[in-house]
>>> print(open('upload-v2.txt').read())   # compact mmCIF, C-alpha atoms
# COMPACT_ATOMS: atom_id res chain seq x y z
CA MET A 5 206.66 203.17 -14.64
CA LEU A 6 203.67 203.18 -12.31
CA THR A 7 200.64 204.24 -14.33
CA LYS A 8 197.65 206.44 -13.54
CA ARG A 9 194.51 204.39 -13.01
CA ILE A 10 191.13 204.80 -14.69
CA ILE A 11 188.37 203.53 -12.43
CA PRO A 12 184.72 203.14 -13.45
CA CYS A 13 182.36 203.31 -10.47
CA LEU A 14 179.15 201.32 -10.34
CA ASP A 15 176.43 202.47 -7.96
CA ILE A 16 174.39 199.44 -6.97
CA LYS A 17 170.80 199.43 -5.76
CA ASP A 18 168.95 196.14 -5.21
CA GLY A 19 171.52 194.32 -7.33
CA ARG A 20 171.31 196.69 -10.35
CA THR A 21 173.64 199.44 -11.51
CA VAL A 22 172.14 202.90 -11.18
CA LYS A 23 173.46 206.38 -11.70
CA GLY A 24 172.02 209.72 -10.72
CA THR A 25 173.03 213.36 -10.73
CA ASN A 26 174.19 214.71 -7.37
CA PHE A 27 173.19 211.35 -5.89
CA LEU A 28 169.53 211.86 -6.85
CA GLU A 29 167.40 210.96 -9.90
CA LEU A 30 168.56 207.38 -10.28
CA ARG A 31 168.46 205.81 -13.69
CA ASP A 32 169.05 202.17 -14.48
CA ALA A 33 172.39 201.30 -16.09
CA GLY A 34 172.18 197.53 -16.21
CA ASP A 35 173.52 194.32 -14.69
CA PRO A 36 176.64 195.06 -12.61
CA VAL A 37 178.47 191.83 -13.43
CA GLU A 38 177.96 192.29 -17.18
CA LEU A 39 179.02 195.90 -16.97
CA ALA A 40 182.07 194.97 -14.87
CA GLN A 41 183.10 192.38 -17.45
CA ARG A 42 182.73 194.92 -20.24
CA TYR A 43 185.02 197.31 -18.35
CA CYS A 44 187.65 194.60 -17.87
CA VAL A 45 187.71 193.94 -21.59
CA GLU A 46 187.86 197.68 -22.35
CA GLY A 47 190.93 198.14 -20.15
CA ALA A 48 189.63 199.60 -16.88
CA ASP A 49 192.38 199.40 -14.25
CA GLU A 50 190.17 198.81 -11.28
CA LEU A 51 186.47 198.96 -10.36
CA VAL A 52 184.54 200.47 -7.48
CA PHE A 53 181.09 199.23 -6.45
CA LEU A 54 179.08 201.44 -4.11
CA ASP A 55 175.98 199.81 -2.72
CA ILE A 56 173.24 202.30 -1.96
CA THR A 57 170.54 199.75 -1.11
CA ALA A 58 168.85 200.56 2.17
CA SER A 59 166.92 197.33 2.81
CA HIS A 60 167.51 194.78 5.55
CA GLU A 61 168.39 192.15 2.96
CA LYS A 62 171.27 194.29 1.80
CA ARG A 63 174.09 192.42 3.50
CA LYS A 64 173.16 189.07 2.02
CA THR A 65 172.51 190.31 -1.51
CA LEU A 66 175.71 192.37 -1.52
CA ALA A 67 177.83 189.41 -0.36
CA HIS A 68 176.31 187.34 -3.15
CA LEU A 69 176.96 190.03 -5.74
CA VAL A 70 180.57 190.46 -4.58
CA ARG A 71 181.09 186.73 -4.96
CA GLU A 72 179.68 186.88 -8.50
CA ILE A 73 181.94 189.79 -9.40
CA ALA A 74 185.00 188.06 -7.92
CA THR A 75 184.44 184.95 -9.99
CA HIS A 76 184.00 186.92 -13.21
CA ILE A 77 186.56 189.72 -13.28
CA ASN A 78 190.35 189.67 -13.30
CA ILE A 79 191.20 193.17 -12.04
CA PRO A 80 191.05 194.58 -8.50
CA PHE A 81 187.78 195.91 -7.13
CA THR A 82 186.64 197.91 -4.11
CA VAL A 83 183.26 197.61 -2.43
CA GLY A 84 181.66 200.37 -0.35
CA GLY A 85 178.35 201.60 0.93
CA GLY A 86 176.98 201.10 4.42
CA ILE A 87 180.02 199.41 5.96
CA TYR A 88 179.95 199.99 9.71
CA SER A 89 181.93 197.15 11.33
CA THR A 90 184.80 194.70 11.04
CA ASP A 91 182.18 191.98 10.49
CA ASP A 92 180.80 193.81 7.44
CA VAL A 93 184.35 193.97 6.07
CA SER A 94 185.13 190.31 6.79
CA VAL A 95 182.11 189.19 4.81
CA LEU A 96 183.05 191.27 1.77
CA LEU A 97 186.72 190.23 1.77
CA GLU A 98 185.74 186.57 2.28
CA ASN A 99 183.59 186.83 -0.82
CA GLY A 100 186.46 188.16 -2.91
CA ALA A 101 186.51 191.97 -2.61
CA ASP A 102 190.09 193.29 -2.80
CA LYS A 103 189.43 196.49 -0.88
CA ILE A 104 186.56 198.05 0.98
CA SER A 105 185.68 201.70 1.31
CA VAL A 106 184.21 203.47 4.33
CA ASN A 107 182.75 206.96 4.38
CA THR A 108 180.04 208.07 6.80
CA ALA A 109 180.90 205.34 9.32
CA ALA A 110 184.49 206.60 9.52
CA VAL A 111 183.35 210.19 10.15
CA LEU A 112 180.97 209.05 12.91
CA ASN A 113 183.57 206.71 14.42
CA PRO A 114 187.14 207.50 13.26
CA GLY A 115 188.50 204.65 15.41
CA LEU A 116 186.92 202.27 12.90
CA ILE A 117 189.72 203.11 10.46
CA ASP A 118 192.38 202.05 13.00
CA GLU A 119 190.48 198.85 13.74
CA LEU A 120 190.03 197.94 10.08
CA SER A 121 193.58 198.71 9.01
CA LYS A 122 194.97 196.76 11.94
CA GLN A 123 192.82 193.73 11.31
CA PHE A 124 192.87 193.60 7.51
CA GLY A 125 195.90 195.71 6.51
CA SER A 126 195.97 199.27 5.20
CA GLN A 127 196.22 198.05 1.62
CA CYS A 128 192.56 197.08 1.58
CA ILE A 129 191.11 200.07 3.44
CA VAL A 130 189.97 202.97 1.27
CA VAL A 131 188.49 205.98 3.02
CA ALA A 132 186.00 207.87 0.87
CA ILE A 133 185.77 211.58 1.57
CA ASP A 134 182.86 213.60 0.17
CA ALA A 135 183.63 217.30 0.25
CA ARG A 136 181.76 220.52 -0.41
CA HIS A 137 183.12 224.04 -0.82
CA VAL A 138 181.68 226.27 1.92
CA GLY A 139 182.96 229.82 2.29
CA ASP A 140 186.68 229.52 1.70
CA GLU A 141 187.14 225.98 2.95
CA TRP A 142 186.32 222.45 1.89
CA ILE A 143 184.21 220.65 4.46
CA VAL A 144 183.42 216.96 4.78
CA VAL A 145 179.81 215.94 4.11
CA THR A 146 178.23 212.58 4.91
CA HIS A 147 175.21 210.44 4.11
CA GLY A 148 175.69 210.73 0.35
CA GLY A 149 176.32 214.47 0.55
CA ARG A 150 173.21 215.39 2.53
CA THR A 151 174.76 216.07 5.94
CA PRO A 152 177.44 218.72 6.45
CA THR A 153 180.02 218.18 9.22
CA GLU A 154 182.43 220.43 11.07
CA ARG A 155 185.44 218.69 9.58
CA ASN A 156 187.87 220.29 7.14
CA ALA A 157 188.48 217.92 4.22
CA ILE A 158 192.26 218.37 4.14
CA GLU A 159 192.63 217.85 7.89
CA TRP A 160 190.37 214.83 7.69
CA ALA A 161 192.44 213.35 4.84
CA LYS A 162 195.57 213.65 7.01
CA GLU A 163 193.81 212.12 9.98
CA VAL A 164 192.45 209.09 8.11
CA THR A 165 195.91 208.42 6.69
CA ASP A 166 197.44 208.59 10.17
CA ARG A 167 194.80 206.12 11.29
CA GLY A 168 195.80 203.65 8.58
CA ALA A 169 193.79 204.39 5.42
CA GLY A 170 195.66 202.93 2.44
CA GLU A 171 194.00 205.12 -0.16
CA ILE A 172 191.68 208.10 -0.33
CA LEU A 173 188.70 208.31 -2.66
CA LEU A 174 187.99 212.02 -2.89
CA THR A 175 184.66 213.23 -4.29
CA SER A 176 183.73 216.85 -4.69
CA MET A 177 179.97 216.97 -4.24
CA ASP A 178 179.97 220.38 -5.94
CA HIS A 179 181.39 218.79 -9.09
CA ASP A 180 179.74 215.35 -8.96
CA GLY A 181 177.30 214.85 -11.82
CA THR A 182 178.04 218.23 -13.42
CA LYS A 183 180.44 217.00 -16.14
CA GLN A 184 182.29 220.31 -15.74
CA GLY A 185 185.58 218.76 -14.64
CA PHE A 186 187.14 217.46 -11.42
CA ALA A 187 187.92 219.60 -8.34
CA VAL A 188 191.54 220.00 -9.44
CA GLU A 189 192.66 222.46 -6.73
CA LEU A 190 191.22 220.38 -3.90
CA THR A 191 192.72 217.19 -5.35
CA LYS A 192 196.12 218.85 -5.54
CA LYS A 193 195.92 220.07 -1.93
CA ILE A 194 195.05 216.60 -0.72
CA THR A 195 197.64 214.72 -2.79
CA GLU A 196 200.26 217.10 -1.37
CA SER A 197 199.05 216.54 2.20
CA VAL A 198 198.97 212.73 2.40
CA PRO A 199 201.50 209.98 1.61
CA VAL A 200 198.92 207.55 0.16
CA PRO A 201 197.37 207.44 -3.32
CA VAL A 202 194.37 209.68 -4.02
CA ILE A 203 191.54 208.74 -6.37
CA ALA A 204 189.80 211.85 -7.73
CA SER A 205 186.07 211.61 -8.32
CA GLY A 206 183.21 213.83 -9.38
CA GLY A 207 182.80 215.99 -12.45
CA ALA A 208 184.37 214.04 -15.33
CA GLY A 209 182.76 215.10 -18.59
CA THR A 210 185.54 215.14 -21.19
CA MET A 211 188.88 213.43 -21.80
CA GLU A 212 190.63 216.75 -21.06
CA HIS A 213 189.20 216.66 -17.54
CA PHE A 214 191.16 213.46 -16.86
CA SER A 215 194.34 214.96 -18.21
CA GLU A 216 193.83 218.02 -15.95
CA VAL A 217 193.27 216.07 -12.77
CA PHE A 218 196.34 213.90 -13.40
CA ARG A 219 198.63 216.68 -14.54
CA LEU A 220 197.49 219.60 -12.36
CA GLY A 221 195.77 217.78 -9.51
CA ASN A 222 198.46 215.08 -9.19
CA ALA A 223 195.75 212.44 -8.75
CA ASP A 224 196.95 208.82 -8.75
CA ALA A 225 193.67 207.59 -10.20
CA ALA A 226 190.47 209.07 -11.58
CA LEU A 227 186.99 207.69 -11.11
CA ALA A 228 183.83 208.26 -13.12
CA ALA A 229 180.49 206.57 -13.65
CA SER A 230 177.90 207.68 -16.18
CA ILE A 231 180.30 208.77 -18.91
CA PHE A 232 181.60 205.20 -18.95
CA HIS A 233 178.26 203.42 -18.44
CA PHE A 234 176.61 205.24 -21.31
CA ARG A 235 179.75 205.10 -23.48
CA GLU A 236 180.06 208.86 -23.75
CA ILE A 237 183.79 208.32 -23.31
CA PRO A 238 184.99 204.83 -24.23
CA ILE A 239 187.90 203.75 -21.99
CA PRO A 240 190.20 202.66 -24.87
CA GLU A 241 189.79 206.07 -26.51
CA LEU A 242 190.43 207.85 -23.20
CA LYS A 243 193.63 205.86 -22.68
CA ARG A 244 194.87 206.56 -26.20
CA TYR A 245 194.25 210.24 -25.58
CA LEU A 246 196.12 210.22 -22.25
CA LEU A 247 199.09 208.37 -23.78
CA LYS A 248 199.22 211.01 -26.51
CA GLU A 249 199.20 213.63 -23.75
CA LYS A 250 202.27 211.85 -22.29
CA ILE A 251 200.40 210.65 -19.21
CA ALA A 252 201.46 207.11 -18.29
CA VAL A 253 198.51 204.73 -18.39
CA ARG A 254 198.24 200.99 -18.99
CA PRO A 255 197.34 200.71 -22.69
CA ALA A 256 193.81 199.35 -23.18
CA MET B 18 196.68 167.63 -10.92
CA GLU B 19 196.36 168.75 -7.31
CA THR B 20 196.92 172.44 -6.59
CA VAL B 21 196.93 173.73 -3.03
CA ILE B 22 196.95 177.23 -1.63
CA ILE B 23 198.63 177.48 1.77
CA LYS B 24 196.19 178.78 4.36
CA TYR B 25 197.67 181.19 6.87
CA ASN B 26 196.93 184.53 8.48
CA ALA B 27 197.48 186.69 5.39
CA GLY B 28 194.78 188.09 3.13
CA ASN B 29 193.95 187.64 -0.56
CA ILE B 30 193.73 183.84 -0.39
CA ARG B 31 190.17 183.89 -1.75
CA SER B 32 191.23 186.11 -4.66
CA VAL B 33 193.81 183.51 -5.69
CA LEU B 34 191.22 180.75 -5.41
CA PHE B 35 188.77 182.66 -7.61
CA ALA B 36 191.47 183.48 -10.16
CA LEU B 37 192.32 179.78 -10.48
CA GLU B 38 188.60 179.01 -10.90
CA ARG B 39 188.49 181.49 -13.81
CA ILE B 40 191.21 179.52 -15.60
CA GLY B 41 189.41 176.27 -14.84
CA VAL B 42 191.50 175.01 -11.91
CA GLN B 43 189.94 173.81 -8.67
CA ALA B 44 192.44 174.42 -5.89
CA THR B 45 192.27 173.51 -2.21
CA VAL B 46 192.99 175.99 0.56
CA THR B 47 194.71 174.10 3.38
CA ASP B 48 197.26 174.17 6.18
CA GLU B 49 197.37 170.35 6.49
CA PRO B 50 201.04 169.32 6.06
CA GLU B 51 200.23 166.02 4.33
CA GLN B 52 197.95 167.62 1.81
CA ILE B 53 200.54 170.30 1.03
CA LEU B 54 203.37 167.76 0.72
CA LYS B 55 201.55 165.56 -1.79
CA ALA B 56 200.21 168.40 -3.97
CA ASP B 57 201.58 168.86 -7.50
CA ARG B 58 201.61 172.65 -7.21
CA VAL B 59 201.75 174.85 -4.13
CA ILE B 60 200.75 178.50 -4.05
CA PHE B 61 201.94 180.61 -1.12
CA PRO B 62 199.95 183.85 -1.31
CA GLY B 63 199.81 186.69 1.14
CA VAL B 64 199.01 190.28 1.83
CA GLY B 65 199.86 191.58 5.26
CA GLU B 66 202.71 192.16 7.64
CA ALA B 67 205.91 190.08 7.53
CA SER B 68 206.66 189.43 11.23
CA THR B 69 203.09 188.40 12.11
CA ALA B 70 202.98 186.08 9.11
CA MET B 71 206.38 184.49 9.93
CA GLN B 72 205.38 184.01 13.56
CA TYR B 73 202.19 182.26 12.49
CA LEU B 74 204.11 179.98 10.09
CA ARG B 75 206.69 179.08 12.77
CA GLU B 76 204.09 178.32 15.41
CA ARG B 77 202.52 175.78 13.07
CA LYS B 78 205.86 174.52 11.72
CA LEU B 79 204.73 175.57 8.25
CA ASP B 80 208.11 177.32 7.85
CA GLU B 81 210.00 174.00 7.85
CA LEU B 82 207.37 172.42 5.64
CA ILE B 83 207.58 175.15 3.00
CA ILE B 84 211.37 175.04 2.64
CA SER B 85 211.24 171.24 2.30
CA LEU B 86 208.90 171.31 -0.71
CA LYS B 87 210.15 169.73 -3.95
CA GLN B 88 207.22 170.49 -6.27
CA PRO B 89 206.86 173.92 -7.99
CA VAL B 90 205.96 176.57 -5.40
CA LEU B 91 204.71 180.06 -6.24
CA GLY B 92 204.97 182.83 -3.65
CA ILE B 93 202.81 185.86 -4.31
CA CYS B 94 203.44 189.36 -2.88
CA LEU B 95 204.14 188.85 0.85
CA GLY B 96 204.54 185.14 0.02
CA MET B 97 207.45 186.03 -2.28
CA GLN B 98 208.99 188.34 0.32
CA LEU B 99 208.84 185.63 2.98
CA LEU B 100 210.91 183.38 0.69
CA CYS B 101 213.79 185.92 0.86
CA ASP B 102 216.49 186.15 3.59
CA HIS B 103 215.21 189.04 5.60
CA SER B 104 212.59 191.80 5.55
CA GLU B 105 213.02 195.29 6.95
CA GLU B 106 209.35 195.13 7.88
CA ASN B 107 209.71 194.80 11.68
CA ASP B 108 213.21 193.37 11.16
CA THR B 109 211.99 189.90 10.24
CA ASP B 110 214.11 186.86 9.39
CA CYS B 111 212.44 184.98 6.57
CA LEU B 112 212.71 181.55 4.90
CA SER B 113 215.99 182.09 2.96
CA ILE B 114 215.01 180.27 -0.22
CA PHE B 115 216.16 183.27 -2.27
CA LYS B 116 219.54 183.45 -0.52
CA GLY B 117 221.11 186.86 -0.11
CA VAL B 118 217.94 188.68 -1.10
CA ARG B 119 216.82 191.33 1.36
CA VAL B 120 213.45 193.06 1.39
CA ARG B 121 213.60 196.80 1.98
CA HIS B 122 211.20 199.69 2.46
CA PHE B 123 210.65 202.07 -0.48
CA GLU B 124 212.19 205.48 0.25
CA PRO B 125 210.66 207.75 -2.38
CA GLY B 126 212.61 210.79 -3.56
CA THR B 127 209.60 212.88 -4.59
CA SER B 128 206.11 213.42 -3.26
CA ASN B 129 204.73 212.04 -6.52
CA GLU B 130 205.88 208.58 -5.50
CA LYS B 131 203.58 207.21 -2.85
CA VAL B 132 204.27 204.32 -0.50
CA PRO B 133 202.86 201.75 -0.83
CA GLN B 134 203.06 201.50 -4.58
CA ILE B 135 199.50 200.79 -5.69
CA GLY B 136 198.61 200.16 -9.30
CA TRP B 137 199.77 198.84 -12.65
CA ASN B 138 203.46 198.81 -13.47
CA GLN B 139 205.59 197.04 -16.08
CA ILE B 140 207.54 193.81 -15.68
CA GLN B 141 210.81 193.70 -17.63
CA LYS B 142 213.84 191.52 -18.40
CA LEU B 143 211.59 188.48 -18.21
CA SER B 144 213.64 185.28 -18.01
CA SER B 145 211.72 182.27 -16.81
CA PRO B 146 209.28 179.68 -18.19
CA ILE B 147 206.57 181.31 -16.05
CA PHE B 148 206.72 184.25 -18.47
CA LYS B 149 206.33 182.14 -21.61
CA ASN B 150 204.20 184.10 -24.14
CA VAL B 151 204.02 187.07 -21.76
CA ASP B 152 205.18 190.24 -23.51
CA GLU B 153 208.23 192.09 -22.26
CA GLY B 154 206.90 195.23 -20.53
CA SER B 155 203.50 193.73 -19.70
CA TYR B 156 201.55 195.58 -17.02
CA CYS B 157 200.78 193.86 -13.73
CA TYR B 158 198.99 194.99 -10.58
CA PHE B 159 201.16 195.79 -7.54
CA VAL B 160 200.33 196.71 -3.94
CA HIS B 161 203.42 196.86 -1.71
CA GLY B 162 205.49 199.12 0.51
CA TYR B 163 208.56 196.84 0.60
CA TYR B 164 210.61 195.51 -2.33
CA ALA B 165 213.18 192.78 -2.95
CA ASP B 166 216.70 193.66 -4.10
CA LEU B 167 217.97 192.75 -7.53
CA SER B 168 220.01 189.53 -7.37
CA SER B 169 221.12 186.46 -9.31
CA HIS B 170 217.65 185.01 -8.50
CA THR B 171 215.88 187.87 -10.33
CA ILE B 172 213.69 186.71 -13.24
CA ALA B 173 211.79 190.00 -13.75
CA THR B 174 212.43 193.60 -12.78
CA THR B 175 210.20 196.62 -12.22
CA ASP B 176 211.01 200.30 -11.68
CA TYR B 177 209.52 202.22 -8.79
CA THR B 178 211.83 204.76 -7.15
CA LEU B 179 214.52 202.26 -8.25
CA PRO B 180 214.78 198.99 -10.20
CA TYR B 181 213.89 195.99 -8.02
CA SER B 182 213.00 192.29 -8.34
CA SER B 183 209.39 191.84 -9.35
CA ALA B 184 209.97 188.07 -9.67
CA LEU B 185 212.55 185.64 -8.27
CA GLN B 186 213.40 182.00 -8.79
CA GLN B 187 215.50 179.34 -7.09
CA ASP B 188 215.09 175.77 -8.37
CA ASN B 189 211.42 174.83 -7.83
CA PHE B 190 210.61 178.05 -5.97
CA TYR B 191 209.12 181.02 -7.85
CA GLY B 192 208.04 184.31 -6.37
CA VAL B 193 206.19 187.28 -7.86
CA GLN B 194 205.78 190.64 -6.16
CA PHE B 195 202.72 191.60 -8.22
CA HIS B 196 199.31 189.96 -8.02
CA PRO B 197 198.85 187.65 -11.02
CA GLU B 198 195.34 186.90 -9.71
CA LYS B 199 194.46 190.57 -10.32
CA SER B 200 196.61 191.33 -13.38
CA ALA B 201 194.07 190.75 -16.14
CA ALA B 202 195.17 188.57 -19.10
CA ALA B 203 198.92 188.82 -18.36
CA GLY B 204 198.35 187.55 -14.82
CA GLU B 205 196.22 184.64 -15.99
CA LYS B 206 198.92 183.64 -18.47
CA ILE B 207 201.54 183.62 -15.70
CA LEU B 208 199.35 181.45 -13.46
CA GLN B 209 198.74 179.06 -16.37
CA ASN B 210 202.48 178.90 -17.08
CA PHE B 211 203.24 178.12 -13.45
CA LEU B 212 200.70 175.30 -13.46
CA ALA B 213 202.20 173.95 -16.72
CA ILE B 214 205.85 173.88 -15.55
>>> encode(input="upload-v2.txt", output="structure tokens")
Amino acid sequence: MLTKRIIPCLDIKDGRTVKGTNFLELRDAGDPVELAQRYCVEGADELVFLDITASHEKRKTLAHLVREIATHINIPFTVGGGIYSTDDVSVLLENGADKISVNTAAVLNPGLIDELSKQFGSQCIVVAIDARHVGDEWIVVTHGGRTPTERNAIEWAKEVTDRGAGEILLTSMDHDGTKQGFAVELTKKITESVPVPVIASGGAGTMEHFSEVFRLGNADAALAASIFHFREIPIPELKRYLLKEKIAVRPA
Amino acid sequence: METVIIKYNAGNIRSVLFALERIGVQATVTDEPEQILKADRVIFPGVGEASTAMQYLRERKLDELIISLKQPVLGICLGMQLLCDHSEENDTDCLSIFKGVRVRHFEPGTSNEKVPQIGWNQIQKLSSPIFKNVDEGSYCYFVHGYYADLSSHTIATTDYTLPYSSALQQDNFYGVQFHPEKSAAAGEKILQNFLAI
């Protein structure tokens, strides 16, 4: 049976892992390669690395880091953050990334998704959607949650899938960093609207939150950062809990 | 021992190279016929689309080369599918090493089953030396929208919408649908077993 995936996310700045609340207040969480290796041993199913470095040196340092990760870990990993072109993607895949994720660039230029999926295959193109609840709809926000757009999140999810996205990484910016649980309703709406897997992100604080987003939100995978980095919820314990809850996961 | 990875227009070749490095094997990525012919082990990886890949192989006569190989060959993912008779993906005739095996598109019955299948699933009914010391029901990482039928070549099965071949064998040719290079300890064991055949 295909299992639900548990995905730790590592935010990278200048080669270090950082984690903030609502994308602000960064605190250092250590060496990304060491942390990635720890997660492999603990039974993470996949890893996501989001580079939030803004410097000009970014491309070179990120390529180097990706290469380091690829030579040290034996599970799939996705790299995102500031990818704007097919060249950016080529470099990351050449250095061993399994998938790449695009966010703001795809909103600014939706044709990029078609280009990327055509050139590299849908299986390695993840489109990250950051959403915020405004009035009675979910809208897409960009630039790490700072810039609202006109786009409806559910419509956008359908569009990116039509354009060739192989997976959707859905983050509720209202829930991110709160530890009050995932955006279950939104996740459910999106999983029902698209044929590709959906990774739910933002708001994980307890083991029950994971069970909710899998059972009620129909998520294919769930992503979290700080609760894993700071060992608030150890992955083996989370997986034992989910198995007891009759949710199929790969035993740690 | 010389291990080569066949270079062609399908992704994930670097991932295989890095995975071999992790188990201490230096492999060469090449499309040079002589180098492939004299290698002790040949890995035929691949992520991508079947007809484009077959066209590329035919243009470079790598199709004839591959079917002539006598040393152990391991097809991974699309590489495995290309060793079958035919793929429904753009109605593509393949290399016919696994005779009678057709590759079909998943037709899920419920909205909970997405296509492609992405993630960790179990491999069962393991019957080949490449699964030596690999537990029945081990989890491996899969990414695919097309699957190979069950057949007399089947050496492992997996369930997703239906039971299908997650590994096939004919003489010196082995194929796995999952990605051993991304399947944690179980995947590394399978790669080691293949190299030790």
>>> closest_residue(input="upload-v2.txt", among="B:Thr171, B:Gln194, B:Thr109, B:Ser155", to="chain A", atoms="all atoms listed in the file")
B:Ser155
>>> interface_residues(input="upload-v2.txt", of="chain B", to="chain A", cutoff="8 Å", atoms="all atoms listed in the file", output="ChimeraX atom specification")
/B:28-29,31-32,35-36,38-39,64-66,128-129,131-139,156,160,175-177,198-202
>>> closest_residue(input="upload-v2.txt", among="A:Leu116, A:Ala208, A:Leu51, A:Ile158", to="Ala228 in chain A", atoms="only C-alpha atoms")
A:Ala208
>>> atom_distance(input="upload-v2.txt", atom1="CA of Asp166 in chain A", atom2="CA of Val145 in chain A")
20.0 Å
>>> residues_around(input="upload-v2.txt", residues="Thr175 in chain A", least_positions_apart="4", cutoff="7 Å", atoms="only C-alpha atoms", output="list in words")
Ile133, Asp134, Ala135, Ala204, Ser205 and Gly206 of chain A
>>> atom_distance(input="upload-v2.txt", atom1="CA of Cys13 in chain A", atom2="CA of Gly115 in chain A")
26.6 Å
>>> residues_near_point(input="upload-v2.txt", point="(201.2, 190.8, -8.3)", cutoff="7 Å", atoms="all atoms listed in the file", output="PyMOL selection string")
chain B and resi 93-94+157-159+193-197+200
>>> closest_residue(input="upload-v2.txt", among="B:Glu51, B:Thr174, B:Ala203, B:Gly192", to="Val151 in chain B", atoms="all atoms listed in the file")
B:Ala203
>>> residues_near_point(input="upload-v2.txt", point="(202.7, 180.7, -2.2)", cutoff="12 Å", atoms="only C-alpha atoms", output="ChimeraX atom specification")
/B:20-25,27,29-30,33-34,46-48,53,58-64,79-80,83-84,86,88-100,189-194,196-197,208,211
>>> write_last_selection(input="upload-v2.txt", atoms="C-alpha atoms", output="compact mmCIF listing (two decimals), keeping the file's coordinate frame")
# COMPACT_ATOMS: atom_id res chain seq x y z
CA THR B 20 196.92 172.44 -6.59
CA VAL B 21 196.93 173.73 -3.03
CA ILE B 22 196.95 177.23 -1.63
CA ILE B 23 198.63 177.48 1.77
CA LYS B 24 196.19 178.78 4.36
CA TYR B 25 197.67 181.19 6.87
CA ALA B 27 197.48 186.69 5.39
CA ASN B 29 193.95 187.64 -0.56
CA ILE B 30 193.73 183.84 -0.39
CA VAL B 33 193.81 183.51 -5.69
CA LEU B 34 191.22 180.75 -5.41
CA VAL B 46 192.99 175.99 0.56
CA THR B 47 194.71 174.10 3.38
CA ASP B 48 197.26 174.17 6.18
CA ILE B 53 200.54 170.30 1.03
CA ARG B 58 201.61 172.65 -7.21
CA VAL B 59 201.75 174.85 -4.13
CA ILE B 60 200.75 178.50 -4.05
CA PHE B 61 201.94 180.61 -1.12
CA PRO B 62 199.95 183.85 -1.31
CA GLY B 63 199.81 186.69 1.14
CA VAL B 64 199.01 190.28 1.83
CA LEU B 79 204.73 175.57 8.25
CA ASP B 80 208.11 177.32 7.85
CA ILE B 83 207.58 175.15 3.00
CA ILE B 84 211.37 175.04 2.64
CA LEU B 86 208.90 171.31 -0.71
CA GLN B 88 207.22 170.49 -6.27
CA PRO B 89 206.86 173.92 -7.99
CA VAL B 90 205.96 176.57 -5.40
CA LEU B 91 204.71 180.06 -6.24
CA GLY B 92 204.97 182.83 -3.65
CA ILE B 93 202.81 185.86 -4.31
CA CYS B 94 203.44 189.36 -2.88
CA LEU B 95 204.14 188.85 0.85
CA GLY B 96 204.54 185.14 0.02
CA MET B 97 207.45 186.03 -2.28
CA GLN B 98 208.99 188.34 0.32
CA LEU B 99 208.84 185.63 2.98
CA LEU B 100 210.91 183.38 0.69
CA ASN B 189 211.42 174.83 -7.83
CA PHE B 190 210.61 178.05 -5.97
CA TYR B 191 209.12 181.02 -7.85
CA GLY B 192 208.04 184.31 -6.37
CA VAL B 193 206.19 187.28 -7.86
CA GLN B 194 205.78 190.64 -6.16
CA HIS B 196 199.31 189.96 -8.02
CA PRO B 197 198.85 187.65 -11.02
CA LEU B 208 199.35 181.45 -13.46
CA PHE B 211 203.24 178.12 -13.45
>>> atom_distance(input="upload-v2.txt", atom1="CA of Ser168 in chain B", atom2="CA of Lys142 in chain B")
12.8 Å
>>> residues_around(input="upload-v2.txt", residues="Leu96 in chain A", least_positions_apart="4", cutoff="8 Å", atoms="all atoms listed in the file", output="PyMOL selection string")
chain A and resi 67+70+83+92+100-101+104
>>> closest_residue(input="upload-v2.txt", among="A:Glu249, A:Glu236, A:Glu241, A:Glu38", to="Phe218 in chain A", atoms="all atoms listed in the file")
A:Glu249
>>> closest_residue(input="upload-v2.txt", among="A:Thr90, A:Thr182, A:Thr108, A:Thr65", to="His213 in chain A", atoms="all atoms listed in the file")
A:Thr182
>>> build_atoms(input="upload-v2.txt", residues="range 84-90 of chain A", atoms="N, CA and C atoms", output="mmCIF file, in the frame of the given file")
data_model
loop_
_atom_site.group_PDB
_atom_site.id
_atom_site.type_symbol
_atom_site.label_atom_id
_atom_site.label_comp_id
_atom_site.auth_asym_id
_atom_site.auth_seq_id
_atom_site.Cartn_x
_atom_site.Cartn_y
_atom_site.Cartn_z
ATOM 1 N N GLY A 84 182.010 199.438 -1.426
ATOM 2 C CA GLY A 84 181.660 200.370 -0.350
ATOM 3 C C GLY A 84 180.167 200.549 -0.244
ATOM 4 N N GLY A 85 179.775 201.319 0.736
ATOM 5 C CA GLY A 85 178.350 201.600 0.930
ATOM 6 C C GLY A 85 177.816 200.900 2.164
ATOM 7 N N GLY A 86 177.598 201.660 3.220
ATOM 8 C CA GLY A 86 176.980 201.100 4.420
ATOM 9 C C GLY A 86 177.829 200.111 5.182
ATOM 10 N N ILE A 87 179.152 200.274 5.158
ATOM 11 C CA ILE A 87 180.020 199.410 5.960
ATOM 12 C C ILE A 87 180.261 200.072 7.306
ATOM 13 N N TYR A 88 179.853 199.388 8.384
ATOM 14 C CA TYR A 88 179.950 199.990 9.710
ATOM 15 C C TYR A 88 180.793 199.185 10.701
ATOM 16 N N SER A 89 181.242 197.976 10.327
ATOM 17 C CA SER A 89 181.930 197.150 11.330
ATOM 18 C C SER A 89 182.962 196.233 10.679
ATOM 19 N N THR A 90 183.812 195.654 11.543
ATOM 20 C CA THR A 90 184.800 194.700 11.040
ATOM 21 C C THR A 90 184.093 193.466 10.465
#
